[in-house]
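Trainee: One file is attached below, structure35.pdb, containing PDB, C-alpha atoms.
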ATOM      1  CA  MET Y   1     116.912  80.412  77.914
ATOM      2  CA  SER Y   2     119.024  83.533  77.223
ATOM      3  CA  LEU Y   3     117.874  86.992  76.173
ATOM      4  CA  ARG Y   4     119.633  88.793  73.361
ATOM      5  CA  VAL Y   5     120.024  92.554  73.749
ATOM      6  CA  VAL Y   6     119.640  94.382  70.452
ATOM      7  CA  SER Y   7     121.340  97.756  70.046
ATOM      8  CA  PRO Y   8     119.222 100.826  69.178
ATOM      9  CA  SER Y   9     121.261 101.330  65.970
ATOM     10  CA  LEU Y  10     120.496  97.773  64.821
ATOM     11  CA  LEU Y  11     116.805  98.225  65.609
ATOM     12  CA  ASN Y  12     116.777 101.428  63.570
ATOM     13  CA  ALA Y  13     118.433  99.670  60.618
ATOM     14  CA  TRP Y  14     115.853  96.870  60.777
ATOM     15  CA  SER Y  15     112.961  99.342  60.938
ATOM     16  CA  GLN Y  16     114.263 101.267  57.922
ATOM     17  CA  THR Y  17     114.614  98.016  55.947
ATOM     18  CA  LEU Y  18     111.039  97.073  56.859
ATOM     19  CA  VAL Y  19     109.712 100.482  55.792
ATOM     20  CA  ARG Y  20     111.440 100.205  52.421
ATOM     21  CA  ALA Y  21     110.126  96.701  51.889
ATOM     22  CA  MET Y  22     106.571  97.783  52.723
ATOM     23  CA  SER Y  23     106.813 100.790  50.400
ATOM     24  CA  THR Y  24     107.279  98.550  47.380
ATOM     25  CA  GLN Y  25     104.604  95.986  48.200
ATOM     26  CA  GLY Y  26     102.257  97.665  45.722
ATOM     27  CA  GLY Y  27     104.880  97.289  42.991
ATOM     28  CA  SER Y  28     107.733  99.412  41.744
ATOM     29  CA  LYS Y  29     106.778 102.978  40.841
ATOM     30  CA  ASN Y  30     108.138 105.209  38.088
ATOM     31  CA  ILE Y  31     109.548 108.190  39.970
ATOM     32  CA  GLY Y  32     111.001 111.304  38.399
ATOM     33  CA  PHE Y  33     113.659 113.201  40.336
ATOM     34  CA  VAL Y  34     114.793 116.689  39.340
ATOM     35  CA  GLY Y  35     117.778 118.136  41.214
ATOM     36  CA  LEU Y  36     120.683 115.845  42.108
ATOM     37  CA  GLY Y  37     122.741 118.011  44.437
ATOM     38  CA  ASN Y  38     124.120 117.078  47.866
ATOM     39  CA  MET Y  39     120.640 116.189  49.107
ATOM     40  CA  GLY Y  40     118.861 115.090  45.950
ATOM     41  CA  ALA Y  41     121.465 112.565  44.786
ATOM     42  CA  ASN Y  42     121.261 110.677  48.084
ATOM     43  CA  MET Y  43     117.469 110.817  48.167
ATOM     44  CA  ALA Y  44     117.253 109.483  44.614
ATOM     45  CA  SER Y  45     119.719 106.694  45.449
ATOM     46  CA  ASN Y  46     117.528 105.563  48.330
ATOM     47  CA  LEU Y  47     114.510 105.358  46.022
ATOM     48  CA  ILE Y  48     116.524 103.062  43.738
ATOM     49  CA  LYS Y  49     117.521 100.950  46.756
ATOM     50  CA  ALA Y  50     113.823 100.632  47.601
ATOM     51  CA  GLY Y  51     113.177  99.106  44.187
ATOM     52  CA  HIS Y  52     111.622 102.034  42.332
ATOM     53  CA  LYS Y  53     112.391 102.954  38.720
ATOM     54  CA  LEU Y  54     114.112 106.340  38.667
ATOM     55  CA  HIS Y  55     113.931 108.942  35.907
ATOM     56  CA  VAL Y  56     116.373 111.763  36.656
ATOM     57  CA  PHE Y  57     117.410 115.202  35.469
ATOM     58  CA  ASP Y  58     120.085 117.652  36.558
ATOM     59  CA  ILE Y  59     122.126 120.321  34.796
ATOM     60  CA  SER Y  60     125.248 118.536  36.112
ATOM     61  CA  LYS Y  61     126.311 115.677  33.833
ATOM     62  CA  PRO Y  62     128.473 114.024  36.538
ATOM     63  CA  ALA Y  63     125.480 114.029  38.907
ATOM     64  CA  CYS Y  64     123.327 112.334  36.263
ATOM     65  CA  GLN Y  65     126.070 109.826  35.453
ATOM     66  CA  GLY Y  66     126.328 108.902  39.119
ATOM     67  CA  LEU Y  67     122.637 107.970  39.240
ATOM     68  CA  ALA Y  68     122.764 106.281  35.827
ATOM     69  CA  ALA Y  69     125.462 103.975  37.184
ATOM     70  CA  LYS Y  70     122.957 102.907  39.859
ATOM     71  CA  GLY Y  71     120.244 102.140  37.323
ATOM     72  CA  ALA Y  72     118.432 105.450  36.779
ATOM     73  CA  THR Y  73     117.305 106.662  33.363
ATOM     74  CA  VAL Y  74     118.667 110.125  32.531
ATOM     75  CA  TYR Y  75     116.564 112.710  30.653
ATOM     76  CA  THR Y  76     117.539 115.887  28.846
ATOM     77  CA  LYS Y  77     113.980 117.288  29.029
ATOM     78  CA  THR Y  78     111.988 117.423  32.247
ATOM     79  CA  SER Y  79     108.727 117.408  30.275
ATOM     80  CA  GLU Y  80     109.546 113.912  29.002
ATOM     81  CA  LEU Y  81     110.612 112.834  32.480
ATOM     82  CA  ALA Y  82     107.251 113.942  33.896
ATOM     83  CA  GLN Y  83     105.288 112.164  31.187
ATOM     84  CA  ASN Y  84     106.938 108.876  32.207
ATOM     85  CA  SER Y  85     106.554 109.250  35.975
ATOM     86  CA  ASP Y  86     103.870 108.371  38.540
ATOM     87  CA  PHE Y  87     105.508 110.766  40.993
ATOM     88  CA  VAL Y  88     107.899 113.652  40.297
ATOM     89  CA  ILE Y  89     110.099 114.954  43.121
ATOM     90  CA  THR Y  90     111.928 118.260  42.790
ATOM     91  CA  MET Y  91     114.857 119.244  45.017
ATOM     92  CA  LEU Y  92     116.101 122.622  43.771
ATOM     93  CA  PRO Y  93     117.919 125.669  45.190
ATOM     94  CA  ASN Y  94     115.451 128.565  45.158
ATOM     95  CA  ASN Y  95     112.102 130.082  44.150
ATOM     96  CA  ALA Y  96     113.195 131.216  40.687
ATOM     97  CA  ILE Y  97     114.676 127.865  39.668
ATOM     98  CA  VAL Y  98     111.699 125.927  41.042
ATOM     99  CA  GLU Y  99     109.185 128.104  39.203
ATOM    100  CA  LYS Y 100     111.094 127.946  35.912
ATOM    101  CA  SER Y 101     111.526 124.167  36.235
ATOM    102  CA  TYR Y 102     107.798 123.605  36.705
ATOM    103  CA  GLU Y 103     106.986 125.878  33.767
ATOM    104  CA  GLU Y 104     109.258 123.826  31.502
ATOM    105  CA  MET Y 105     108.206 120.486  32.959
ATOM    106  CA  THR Y 106     104.468 121.060  32.507
ATOM    107  CA  ALA Y 107     104.522 123.128  29.290
ATOM    108  CA  ASP Y 108     103.369 120.181  27.151
ATOM    109  CA  GLY Y 109     100.693 119.094  29.626
ATOM    110  CA  VAL Y 110     100.739 116.546  32.444
ATOM    111  CA  ASN Y 111      99.415 113.075  33.164
ATOM    112  CA  LYS Y 112      96.322 113.410  35.338
ATOM    113  CA  ASP Y 113      97.493 110.672  37.700
ATOM    114  CA  THR Y 114     100.950 112.188  38.336
ATOM    115  CA  ILE Y 115     101.669 113.697  41.746
ATOM    116  CA  PHE Y 116     104.339 116.407  41.831
ATOM    117  CA  ILE Y 117     106.208 116.684  45.135
ATOM    118  CA  ASP Y 118     108.415 119.698  45.754
ATOM    119  CA  SER Y 119     111.009 119.102  48.470
ATOM    120  CA  SER Y 120     112.929 122.324  47.843
ATOM    121  CA  THR Y 121     112.723 125.175  50.344
ATOM    122  CA  ILE Y 122     110.582 127.887  48.737
ATOM    123  CA  SER Y 123     108.011 130.445  49.817
ATOM    124  CA  PRO Y 124     104.535 129.256  50.859
ATOM    125  CA  ASP Y 125     103.085 131.706  48.307
ATOM    126  CA  LEU Y 126     104.944 130.006  45.448
ATOM    127  CA  VAL Y 127     103.640 126.641  46.678
ATOM    128  CA  LYS Y 128     100.073 127.893  46.343
ATOM    129  CA  THR Y 129     100.783 129.299  42.865
ATOM    130  CA  LEU Y 130     102.286 126.022  41.645
ATOM    131  CA  GLN Y 131      99.531 123.963  43.219
ATOM    132  CA  LYS Y 132      96.838 125.936  41.396
ATOM    133  CA  ARG Y 133      98.740 125.879  38.101
ATOM    134  CA  ILE Y 134      99.284 122.117  38.166
ATOM    135  CA  THR Y 135      95.789 121.346  39.434
ATOM    136  CA  ASP Y 136      94.366 123.414  36.576
ATOM    137  CA  LYS Y 137      96.349 121.196  34.196
ATOM    138  CA  GLY Y 138      94.802 118.067  35.732
ATOM    139  CA  ALA Y 139      97.554 116.695  38.000
ATOM    140  CA  ARG Y 140      98.304 117.110  41.711
ATOM    141  CA  PHE Y 141     101.010 119.047  43.570
ATOM    142  CA  ILE Y 142     102.104 119.077  47.213
ATOM    143  CA  ASP Y 143     104.934 120.656  49.174
ATOM    144  CA  ALA Y 144     107.148 118.295  51.177
ATOM    145  CA  PRO Y 145     110.376 120.025  52.242
ATOM    146  CA  VAL Y 146     112.857 118.079  54.346
ATOM    147  CA  SER Y 147     115.036 118.402  57.420
ATOM    148  CA  GLY Y 148     117.981 116.270  58.472
ATOM    149  CA  GLY Y 149     120.748 117.545  56.223
ATOM    150  CA  VAL Y 150     123.078 115.480  54.065
ATOM    151  CA  PRO Y 151     123.543 112.807  56.788
ATOM    152  CA  GLY Y 152     119.766 112.316  56.882
ATOM    153  CA  ALA Y 153     119.619 112.117  53.091
ATOM    154  CA  GLU Y 154     122.410 109.531  53.044
ATOM    155  CA  GLN Y 155     120.879 107.376  55.777
ATOM    156  CA  ALA Y 156     117.222 107.774  54.656
ATOM    157  CA  THR Y 157     116.312 109.321  58.008
ATOM    158  CA  LEU Y 158     114.973 112.670  56.793
ATOM    159  CA  THR Y 159     111.915 114.379  58.234
ATOM    160  CA  PHE Y 160     109.347 115.364  55.572
ATOM    161  CA  MET Y 161     106.910 118.200  56.253
ATOM    162  CA  VAL Y 162     103.929 117.715  53.958
ATOM    163  CA  GLY Y 163     101.380 120.301  52.855
ATOM    164  CA  GLY Y 164      98.303 118.977  51.050
ATOM    165  CA  THR Y 165      95.055 117.086  51.551
ATOM    166  CA  ASP Y 166      94.729 113.939  53.672
ATOM    167  CA  ALA Y 167      94.303 111.874  50.509
ATOM    168  CA  GLU Y 168      97.443 113.353  48.921
ATOM    169  CA  TYR Y 169      99.439 112.799  52.104
ATOM    170  CA  ASN Y 170      98.386 109.148  52.184
ATOM    171  CA  ALA Y 171      99.179 108.775  48.465
ATOM    172  CA  VAL Y 172     102.796 109.972  48.834
ATOM    173  CA  LYS Y 173     103.672 108.691  52.294
ATOM    174  CA  ALA Y 174     105.035 105.300  51.196
ATOM    175  CA  VAL Y 175     107.298 106.925  48.608
ATOM    176  CA  LEU Y 176     108.611 109.462  51.126
ATOM    177  CA  GLU Y 177     109.258 106.700  53.659
ATOM    178  CA  CYS Y 178     111.924 105.342  51.302
ATOM    179  CA  MET Y 179     113.895 108.522  52.022
ATOM    180  CA  GLY Y 180     112.874 109.464  55.555
ATOM    181  CA  LYS Y 181     111.833 108.115  58.927
ATOM    182  CA  ARG Y 182     109.288 110.799  59.896
ATOM    183  CA  ILE Y 183     106.594 111.931  57.457
ATOM    184  CA  THR Y 184     104.445 114.641  59.051
ATOM    185  CA  HIS Y 185     101.236 116.070  57.604
ATOM    186  CA  CYS Y 186     101.465 119.773  58.471
ATOM    187  CA  GLY Y 187      98.149 120.863  56.955
ATOM    188  CA  VAL Y 188      97.060 122.550  53.723
ATOM    189  CA  TYR Y 189      99.262 123.578  50.790
ATOM    190  CA  GLY Y 190     102.188 125.709  51.946
ATOM    191  CA  MET Y 191     102.177 124.498  55.555
ATOM    192  CA  GLY Y 192     105.086 122.152  54.880
ATOM    193  CA  GLN Y 193     107.127 125.154  53.785
ATOM    194  CA  ALA Y 194     105.913 127.203  56.743
ATOM    195  CA  ALA Y 195     107.248 124.520  59.082
ATOM    196  CA  LYS Y 196     110.515 124.236  57.157
ATOM    197  CA  LEU Y 197     111.239 127.975  57.188
ATOM    198  CA  CYS Y 198     110.643 128.182  60.942
ATOM    199  CA  ASN Y 199     112.863 125.139  61.500
ATOM    200  CA  ASN Y 200     115.692 126.528  59.370
ATOM    201  CA  MET Y 201     115.516 129.897  61.094
ATOM    202  CA  MET Y 202     115.957 128.072  64.401
ATOM    203  CA  LEU Y 203     118.796 126.027  62.893
ATOM    204  CA  ALA Y 204     120.697 129.144  61.828
ATOM    205  CA  ILE Y 205     120.219 130.773  65.224
ATOM    206  CA  SER Y 206     121.400 127.643  67.050
ATOM    207  CA  MET Y 207     124.475 127.239  64.809
ATOM    208  CA  ILE Y 208     125.520 130.822  65.547
ATOM    209  CA  GLY Y 209     124.898 130.224  69.273
ATOM    210  CA  VAL Y 210     126.954 127.012  69.328
ATOM    211  CA  SER Y 211     129.752 128.729  67.399
ATOM    212  CA  GLU Y 212     129.831 131.672  69.811
ATOM    213  CA  ALA Y 213     129.858 129.423  72.870
ATOM    214  CA  MET Y 214     132.502 127.041  71.497
ATOM    215  CA  ASN Y 215     134.761 129.929  70.495
ATOM    216  CA  LEU Y 216     134.372 131.632  73.878
ATOM    217  CA  ALA Y 217     135.101 128.384  75.729
ATOM    218  CA  VAL Y 218     138.260 127.704  73.711
ATOM    219  CA  ARG Y 219     139.438 131.308  74.141
ATOM    220  CA  GLN Y 220     139.181 130.828  77.916
ATOM    221  CA  GLY Y 221     141.370 127.725  77.737
ATOM    222  CA  LEU Y 222     138.757 124.959  77.744
ATOM    223  CA  ASP Y 223     139.422 121.913  75.592
ATOM    224  CA  ALA Y 224     136.947 121.938  72.704
ATOM    225  CA  LYS Y 225     136.083 118.233  73.014
ATOM    226  CA  VAL Y 226     135.577 118.488  76.763
ATOM    227  CA  PHE Y 227     133.280 121.476  76.379
ATOM    228  CA  ALA Y 228     131.328 119.767  73.570
ATOM    229  CA  GLU Y 229     130.745 116.790  75.878
ATOM    230  CA  ILE Y 230     129.487 119.162  78.568
ATOM    231  CA  ILE Y 231     127.076 120.890  76.167
ATOM    232  CA  ASN Y 232     125.757 117.593  74.843
ATOM    233  CA  SER Y 233     124.959 116.301  78.312
ATOM    234  CA  SER Y 234     123.505 119.619  79.493
ATOM    235  CA  THR Y 235     120.805 122.130  78.643
ATOM    236  CA  GLY Y 236     122.741 123.596  75.703
ATOM    237  CA  ARG Y 237     122.471 120.378  73.710
ATOM    238  CA  CYS Y 238     121.112 120.702  70.154
ATOM    239  CA  TRP Y 239     121.613 119.254  66.656
ATOM    240  CA  ALA Y 240     124.270 121.854  65.814
ATOM    241  CA  SER Y 241     126.308 120.885  68.886
ATOM    242  CA  GLU Y 242     125.813 117.123  68.881
ATOM    243  CA  ILE Y 243     125.557 116.026  65.237
ATOM    244  CA  TYR Y 244     127.008 118.937  63.261
ATOM    245  CA  ASN Y 245     129.447 120.630  65.608
ATOM    246  CA  PRO Y 246     131.238 123.516  63.830
ATOM    247  CA  VAL Y 247     134.586 122.835  65.517
ATOM    248  CA  PRO Y 248     136.908 120.480  63.599
ATOM    249  CA  GLY Y 249     137.559 117.168  65.359
ATOM    250  CA  ILE Y 250     134.317 117.011  67.362
ATOM    251  CA  CYS Y 251     131.903 115.206  65.003
ATOM    252  CA  PRO Y 252     133.709 112.882  62.547
ATOM    253  CA  THR Y 253     131.213 113.332  59.691
ATOM    254  CA  ALA Y 254     130.647 117.085  60.051
ATOM    255  CA  PRO Y 255     131.787 119.450  57.252
ATOM    256  CA  ALA Y 256     134.050 121.190  59.795
ATOM    257  CA  ASN Y 257     136.466 118.283  59.266
ATOM    258  CA  LYS Y 258     136.586 118.926  55.503
ATOM    259  CA  ASP Y 259     137.390 122.641  55.577
ATOM    260  CA  TYR Y 260     133.622 123.290  55.637
ATOM    261  CA  ALA Y 261     133.122 121.791  52.166
ATOM    262  CA  GLY Y 262     129.814 120.197  51.149
ATOM    263  CA  GLY Y 263     126.905 120.032  53.552
ATOM    264  CA  PHE Y 264     124.379 122.887  53.682
ATOM    265  CA  SER Y 265     125.832 126.002  52.106
ATOM    266  CA  SER Y 266     125.847 129.452  53.679
ATOM    267  CA  ALA Y 267     124.179 130.734  50.504
ATOM    268  CA  LEU Y 268     121.229 128.381  50.990
ATOM    269  CA  ILE Y 269     120.720 129.163  54.687
ATOM    270  CA  THR Y 270     120.869 132.865  53.760
ATOM    271  CA  LYS Y 271     118.172 132.279  51.135
ATOM    272  CA  ASP Y 272     115.993 130.436  53.666
ATOM    273  CA  LEU Y 273     116.424 133.205  56.238
ATOM    274  CA  GLY Y 274     115.382 135.723  53.604
ATOM    275  CA  LEU Y 275     112.218 133.714  52.941
ATOM    276  CA  ALA Y 276     111.531 133.519  56.687
ATOM    277  CA  SER Y 277     111.980 137.286  56.965
ATOM    278  CA  GLY Y 278     109.501 137.809  54.139
ATOM    279  CA  VAL Y 279     106.911 135.591  55.807
ATOM    280  CA  ALA Y 280     107.515 137.353  59.125
ATOM    281  CA  ASN Y 281     106.981 140.751  57.523
ATOM    282  CA  SER Y 282     103.785 139.693  55.781
ATOM    283  CA  SER Y 283     102.383 138.262  59.021
ATOM    284  CA  ASN Y 284     103.656 141.174  61.174
ATOM    285  CA  THR Y 285     105.678 138.748  63.331
ATOM    286  CA  PRO Y 286     108.784 139.946  65.195
ATOM    287  CA  ILE Y 287     111.886 137.770  64.633
ATOM    288  CA  PRO Y 288     114.769 139.705  66.244
ATOM    289  CA  LEU Y 289     117.198 136.774  66.350
ATOM    290  CA  GLY Y 290     116.072 135.515  62.944
ATOM    291  CA  SER Y 291     116.781 138.941  61.452
ATOM    292  CA  LEU Y 292     120.207 139.061  63.099
ATOM    293  CA  ALA Y 293     121.015 135.557  61.839
ATOM    294  CA  HIS Y 294     120.070 136.713  58.327
ATOM    295  CA  LYS Y 295     122.550 139.601  58.627
ATOM    296  CA  VAL Y 296     125.266 137.243  59.900
ATOM    297  CA  TYR Y 297     124.949 134.846  56.974
ATOM    298  CA  THR Y 298     124.530 137.634  54.440
ATOM    299  CA  SER Y 299     127.874 138.961  55.709
ATOM    300  CA  LEU Y 300     129.497 135.541  55.226
ATOM    301  CA  CYS Y 301     128.249 135.422  51.651
ATOM    302  CA  THR Y 302     129.633 138.888  50.893
ATOM    303  CA  GLN Y 303     133.001 137.603  52.147
ATOM    304  CA  GLY Y 304     132.946 134.899  49.475
ATOM    305  CA  LEU Y 305     131.899 132.047  51.761
ATOM    306  CA  GLY Y 306     128.507 131.330  50.215
ATOM    307  CA  ASN Y 307     129.574 127.906  48.950
ATOM    308  CA  LYS Y 308     131.026 126.849  52.308
ATOM    309  CA  ASP Y 309     128.905 124.922  54.797
ATOM    310  CA  PHE Y 310     126.959 127.222  57.109
ATOM    311  CA  SER Y 311     128.961 125.996  60.114
ATOM    312  CA  VAL Y 312     131.870 128.059  58.729
ATOM    313  CA  VAL Y 313     130.489 130.859  60.903
ATOM    314  CA  TYR Y 314     132.586 129.352  63.729
ATOM    315  CA  ASP Y 315     135.766 129.567  61.666
ATOM    316  CA  GLN Y 316     135.171 133.243  60.996
ATOM    317  CA  MET Y 317     134.592 133.937  64.674
ATOM    318  CA  LYS Y 318     137.776 132.074  65.564
ATOM    319  CA  LYS Y 319     139.763 134.102  63.023
ATOM    320  CA  GLU Y 320     138.178 137.369  64.222
ATOM    321  CA  LYS Y 321     136.902 138.016  60.700
ATOM    322  CA  PHE Y 322     133.338 138.256  61.862
ATOM    323  CA  SER Y 323     131.169 141.308  61.394
ATOM    324  CA  VAL Y 324     127.471 142.145  60.970
TER     325      VAL Y 324
END
Please go through the file and, once you have read it, give me the structure as structure tokens.

Mentor:
Amino acid sequence: MSLRVVSPSLLNAWSQTLVRAMSTQGGSKNIGFVGLGNMGANMASNLIKAGHKLHVFDISKPACQGLAAKGATVYTKTSELAQNSDFVITMLPNNAIVEKSYEEMTADGVNKDTIFIDSSTISPDLVKTLQKRITDKGARFIDAPVSGGVPGAEQATLTFMVGGTDAEYNAVKAVLECMGKRITHCGVYGMGQAAKLCNNMMLAISMIGVSEAMNLAVRQGLDAKVFAEIINSSTGRCWASEIYNPVPGICPTAPANKDYAGGFSSALITKDLGLASGVANSSNTPIPLGSLAHKVYTSLCTQGLGNKDFSVVYDQMKKEKFSV
């Protein structure tokens, strides 16, 4: 009798397939998805792969056409989309757009059984405002921001940070498992966003740290790949160094290899750092490195790099065009 050794990657693929199969055991759901950007389009695609019926909206016609080609129904009014959905997921850029979208989407009333799930990164205060507004209309609302970036959205390995009641968490978990591998209940409304803002502040700080260290190592004559291998087998190892290294040629799928196009924009990380700063101020919490990271990315945006991936901070350091 021989034993077959199964690779960790194959085990992960099998587990994800099992999760998706289990998520549809109760039947296909009608799911609305608003916001089909770099993250949202991949998340929506994974819901289709899991067997759900997708109802989608985005201001970008090409984005809508891409999902329509996979079987989604495209809407021109989010209010109609919501009326036809058991769950509505929103994945939008900022507070103002999220608030306006929910105003338009719920203006004509809501179905009492619909659960609205916001996976954008917004302020915890806005979460509480939206939750009250939608609850008053008879439906339910939770916050469930994500971490894992575009690779996680593509591979359905995102982490979801959920804010809501135990019952609401249990009601949405199977749907979220079609798009992620870790669904964590963080507590009451707004706690998902609290976790996300702290995570993204740490992400920005670590990306700047990796960029500084990589640039210093190369300037001293070290080979970038050799130094990256050292970091990733030592105490400096982190997601920014191992999965999303800002130096071209280190991580094959990282935006650094595409002139920092796509990925997670500098404008969005700047927005998230601004939200984190606001929460820190309101809670009288010192965030010296978080504040400095906010200044760094604000500077990149003023240089016209807001639409570049946030790992472009390395490129600016390398070119000595960096200032705070």

Trainee: Convert the output of the PyMOL selection byres ((chain Y and resi 254-258) around 9) on the shown file into explicit residues, formatted as a PyMOL selection string.

Mentor: chain Y and resi 151+243-253+259-264+308-309+311-312+315

Trainee: For C-alpha atoms, I'd like the residues from the last selection saved as a CSV table (one decimal), in the frame of the given file.

Mentor:
chain,number,residue,atom,x,y,z
Y,151,PRO,CA,123.5,112.8,56.8
Y,243,ILE,CA,125.6,116.0,65.2
Y,244,TYR,CA,127.0,118.9,63.3
Y,245,ASN,CA,129.4,120.6,65.6
Y,246,PRO,CA,131.2,123.5,63.8
Y,247,VAL,CA,134.6,122.8,65.5
Y,248,PRO,CA,136.9,120.5,63.6
Y,249,GLY,CA,137.6,117.2,65.4
Y,250,ILE,CA,134.3,117.0,67.4
Y,251,CYS,CA,131.9,115.2,65.0
Y,252,PRO,CA,133.7,112.9,62.5
Y,253,THR,CA,131.2,113.3,59.7
Y,259,ASP,CA,137.4,122.6,55.6
Y,260,TYR,CA,133.6,123.3,55.6
Y,261,ALA,CA,133.1,121.8,52.2
Y,262,GLY,CA,129.8,120.2,51.1
Y,263,GLY,CA,126.9,120.0,53.6
Y,264,PHE,CA,124.4,122.9,53.7
Y,308,LYS,CA,131.0,126.8,52.3
Y,309,ASP,CA,128.9,124.9,54.8
Y,311,SER,CA,129.0,126.0,60.1
Y,312,VAL,CA,131.9,128.1,58.7
Y,315,ASP,CA,135.8,129.6,61.7

Trainee: Around region 202-218 of chain Y, with edges along x, y and z and 4 Å added on all six sides, what centre and edge lengths do you get, in Å to one decimal, as JSON?

Mentor:
{"center_x": 127.1, "center_y": 128.8, "center_z": 68.8, "size_x": 30.3, "size_y": 13.6, "size_z": 21.9}

Trainee: Just the number, please: distance in Å from CA of Glu104 (chain Y) to CA of Lys77 (chain Y), one decimal.

Mentor: 8.4 Å

Trainee: Which residues come within 8 Å of region 205-214 of chain Y, counting only C-alpha atoms, excluding same-chain residues fewer than 4 positions away, as JSON, numbers by chain?

Mentor: {"Y": [201, 218, 224, 227, 228, 238, 240, 241, 245, 246, 247, 289, 290, 293, 311, 313, 314, 317]}

Trainee: Compile the contact shell of Lys49 (chain Y) as a VMD selection string: residues with an atom at most 10 Å away, counting only C-alpha atoms, same-chain residues fewer than 2 positions apart removed.

Mentor: chain Y and resid 20 to 21 43 to 47 51 to 53 70 to 71 178 to 179

Trainee: Please evaluate the PyMOL selection byres ((chain Y and resi 163) around 9) against the displayed coordinates and give the resulting residues as a list in words.

Mentor: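 Listing what the PyMOL selection byres ((chain Y and resi 163) around 9) selects in the shown file: Ile142, Asp143, Ala144, Met161, Val162, Gly164, Thr165, Glu168, Tyr169, Thr184, His185, Cys186, Gly187, Val188, Tyr189, Gly190, Met191, Gly192 and Gln193 of chain Y.
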